[in-house]
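What follows is one structure encoded as structure tokens, with my remarks underneath.
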Amino acid sequence: MRKSGKKKEGKSRSAALTQALLGASLSTGSASGLKEQYYNLCMERLQKVNPFIGYILQQVDEEMKEGTRSGITLNIAGNNHLVQVQRITGADFCVLSKILKNHSCITGVDARYNSLGSPGAYYAAKLLQKQPSLVYLNLMFNDIQSDGGELIAKALQKNKTLKYLRMTGNKIENKGGMCFATMLQINSSLEKLDVGDCDLGMQSVIAFATVLTQNQAIKGINLNRPIIYSEQEESTVHIGHMLKENHCLMELHLCKHGMQNDGLQQLCEALYLNSTLRYLDVSCNKITQDGMLYLAAVLKSNATLEVIDLSFNRIESAGAKHLSKTLASHNRSLKALSVVSNKIDGEGLIALSDSMKTNPILSNIYIWGNTFDEATCVAYSELIEEGRLQADNTDVEPFVVDEHVYLAESPNGLKKHYYWTPTYGHAYGPTTNAGFALVPVGEHL
């Protein structure tokens with residue numbers, strides 16, 4: 001019995017000492033270093049230390065010692081292939097959030113591809129309430145469900161600092177989507193929101209479109225891949241109406257909406273009255289050559305669209321010709337066009353290359369995944385050799401074998417690193433993510 005009493009007494013003294021050390025370290029801000037504070041707090045809570053978090057916090061400490069006192073983004077992404085990663089859980093993020101709320105120099109947290117779940121969402125919501133300097137939060141693919149999404153959305157109703165939130169790939173579904181739409185009625189500081197691949201329903205997509213007719217803060221929104229069963233394209237009708245009323249939105253992503261030519265027509269009719277949208281992404285839909293008639297027509301008068309992503313549709317050569325005629329003779333605002341994998345043969349691709357000879361503004365064109373004949377290879381090879389098309393501004397690279405010109409794929413594109421980050425090089429570079437470089441909305445991708 002005496003030994004047991006001594007053990008308990010020893011444990012209580014150890015806990016008191018740890019708490020005293022932690023209080024001292026927190027009161028001195030970053031003097032003791034983020035890593036030390038993290039280890040102390042884990043000891044106090046009897047929680048196992050995550051070595052990956054310790055490694056990242058040590059890097060931040062070193063960055064702060066070198067003189068960086070603001071604008072630091074804590075990169076704790078779980079898909080980091082350069083270091084050994086132990087993916088972060090909700091319990092790990094609980095400890096981390098308690099440390100970050102005391103450090104105003106941390107303005108961004110990139111926690112993509114971890115295992116936060118709904119418990120992590122709870123602490124992310126707490127962080128949004130207590131960290132007044134946080135402007136960027138990336139929670140993509142963290143197994144956050146609708147309840148977790150609701151907590152984050154409610155926290156944002158009172159938050160006045162966050163500028164960019166990525167919820168990509170978290171199955172918040174229709175319930176969570178409605179909570180975020182409601183949040184946008186109240187929040188006036190958030191500038192960019194990504195709820196792509198979140199299993200949104202038709203109701204929440206329409207709610208976002210309705211709210212954005214009034215919200216004048218959001219500059220970029222991603223509504224990719226909702227779960228829509230109707231073939232009537234009601235969502236594009238509401239989004240088209242929103243574009244007529246909204247005078248702030250610059251970037252709109254509508255991938256995988258099952259959009260057909262009638263849906264694109266709704267958007268194009270709205271673009272006659274819209275003077276702010278600069279980046280339109282309608283890739284991975286069901287748009288054909290007839291849809292290009294509407295797009296080519298609006299591009300004759302629209303002077304604000306700078307980036308259009310038509311990748312993975314089926315516009316074919318006829319659609320490419322419709323676009324090339326407008327680009328050659330009328331439009332002088334479009335800077336980047338992607339027609340990757342659109343069943344375009346040599347005739348259509350050459351028409352697009354010819355339009356670049358007369359259009360001095362169109363600087364980026366992406367054509368990989370179509371049918372290349374030798375004439376096409378020669379045409380784009382000449383554009384690159386003459387300097388009209390920079391090698392960094394296209395996704396093809398010419399090479400010669402037995403005096404014949406061919407095109408190989410190069411690692412450039414409008415949003416190559418949207419879902420993943422490279423093992424080397426800059427993840428937010430202007431060549432691999434040209435769309436975001438040409439139309440910058442927020443500091444991060």
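Residue names in the structure tokens use chain letters A, B, ... in the order shown, residue numbers from 1 in each chain, and ligand numbers from 1 in the order shown.
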- Item | Contact residues around Asp143 of chain A with only C-alpha atoms at 7 Å, ignoring same-chain residues under 6 positions, as number ranges by chain | A: 115-117, 170-171
Hey, can you spit out that residue selection with N, CA, C and O atoms as a compact mmCIF listing (two decimals), in the first residue's frame?
# COMPACT_ATOMS: atom_id res chain seq x y z
N SER A 115 -6.53 11.72 -41.46
CA SER A 115 -7.66 10.94 -40.94
C SER A 115 -8.33 11.69 -39.80
O SER A 115 -8.57 11.14 -38.72
N LEU A 116 -8.65 12.95 -40.04
CA LEU A 116 -9.23 13.78 -38.98
C LEU A 116 -10.61 13.30 -38.58
O LEU A 116 -10.95 13.25 -37.40
N GLY A 117 -11.45 12.97 -39.56
CA GLY A 117 -12.81 12.54 -39.27
C GLY A 117 -13.62 13.63 -38.59
O GLY A 117 -13.21 14.80 -38.52
N ASN A 170 -14.60 15.40 -48.88
CA ASN A 170 -15.23 15.01 -47.62
C ASN A 170 -16.73 14.84 -47.86
O ASN A 170 -17.39 15.75 -48.36
N LYS A 171 -17.27 13.70 -47.52
CA LYS A 171 -18.66 13.38 -47.86
C LYS A 171 -19.64 14.07 -46.92
O LYS A 171 -20.34 13.44 -46.12
- Query: What's the 8 Å shell around Gly319 of chain A, counting only C-alpha atoms, without same-chain residues fewer than 3 positions away, as JSON, numbers by chain?
  - Reply: {"A": [288, 289, 290, 291, 292, 293, 315, 316, 322, 323, 348]}
- List every residue of segment 217-418 of chain A that DSSP, applied to the backbone of this structure, places in alpha helix (DSSP H), and write the result as a PyMOL selection string. chain A and resi 234-245+261-271+289-299+316-329+346-358+374-385
- Message: For a test of reading the model, state the distance in Å between atom CA of Ala181 of chain A and atom CA of Ala207 of chain A, rounded to one decimal.
- Response: 6.0 Å
- Message: For the structure I just gave you, how does DSSP split segment 263-308 of chain A - specifically, which residues are strand (DSSP E)? Reply as a ChimeraX atom specification.
- Response: /A:279-281,307-308
Pull C-alpha atoms from the residues just selected and write them as a tab-separated table (two decimals), in the first residue's frame.
chain	number	residue	atom	x	y	z
A	279	TYR	CA	-12.20	31.34	-65.08
A	280	LEU	CA	-14.89	28.89	-66.24
A	281	ASP	CA	-14.30	25.16	-65.71
A	307	VAL	CA	-9.47	30.79	-68.83
A	308	ILE	CA	-11.84	28.12	-70.17
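Pairwise distance (atom CA of Asn331 of chain A, atom CA of Ala351 of chain A) equals 15.2 Å.
Once segment 242-256 of chain A and its same-chain neighbours fewer than 4 positions away are set aside, Ala209, Thr210, Leu212, Thr213, Gln216, Ala217, Ile218, Lys219, Gly220, Ile221, Asn222, Leu223, Asn224, Arg225, His238, Ala270, Leu271, Leu273, Asn274, Thr276, Leu277, Arg278, Tyr279, Leu280, Asp281, Val282, Ser283, Cys284 and Asn285 of chain A remain within 7 Å of it when counting only C-alpha atoms.
Residues surrounding Leu389 of chain A within 12 Å are A:Lys335, A:Ala336, A:Ser353, A:Asp354, A:Ser355, A:Met356, A:Lys357, A:Asn359, A:Pro360, A:Ile361, A:Leu362, A:Ser363, A:Asn364, A:Ile365, A:Tyr366, A:Ala379, A:Tyr380, A:Ser381, A:Glu382, A:Leu383, A:Asp395, A:Val396, A:Glu397 [only C-alpha atoms; sequence separation below 6 positions excluded].
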Near-Leu96 of chain A list (9 Å; only C-alpha atoms; drop same-chain fewer than 4 positions) as an mmCIF file with N, CA and C atoms, in the first residue's frame:
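This went into around19.cif:
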data_model
loop_
_atom_site.group_PDB
_atom_site.id
_atom_site.type_symbol
_atom_site.label_atom_id
_atom_site.label_comp_id
_atom_site.auth_asym_id
_atom_site.auth_seq_id
_atom_site.Cartn_x
_atom_site.Cartn_y
_atom_site.Cartn_z
ATOM 1 N N TYR A 38 4.446 21.218 -28.278
ATOM 2 C CA TYR A 38 3.664 20.055 -28.693
ATOM 3 C C TYR A 38 4.015 18.838 -27.838
ATOM 4 N N ILE A 53 4.241 15.235 -36.897
ATOM 5 C CA ILE A 53 3.909 16.585 -36.427
ATOM 6 C C ILE A 53 5.139 17.236 -35.800
ATOM 7 N N ALA A 91 -7.464 13.141 -32.612
ATOM 8 C CA ALA A 91 -6.793 13.386 -31.326
ATOM 9 C C ALA A 91 -5.501 14.181 -31.522
ATOM 10 N N ASP A 92 -4.767 13.872 -32.596
ATOM 11 C CA ASP A 92 -3.547 14.638 -32.898
ATOM 12 C C ASP A 92 -3.891 16.094 -33.182
ATOM 13 N N LEU A 100 -1.719 26.019 -31.880
ATOM 14 C CA LEU A 100 -1.798 27.004 -32.960
ATOM 15 C C LEU A 100 -2.597 28.241 -32.578
ATOM 16 N N LYS A 101 -3.549 28.079 -31.669
ATOM 17 C CA LYS A 101 -4.386 29.237 -31.324
ATOM 18 C C LYS A 101 -3.589 30.330 -30.620
#
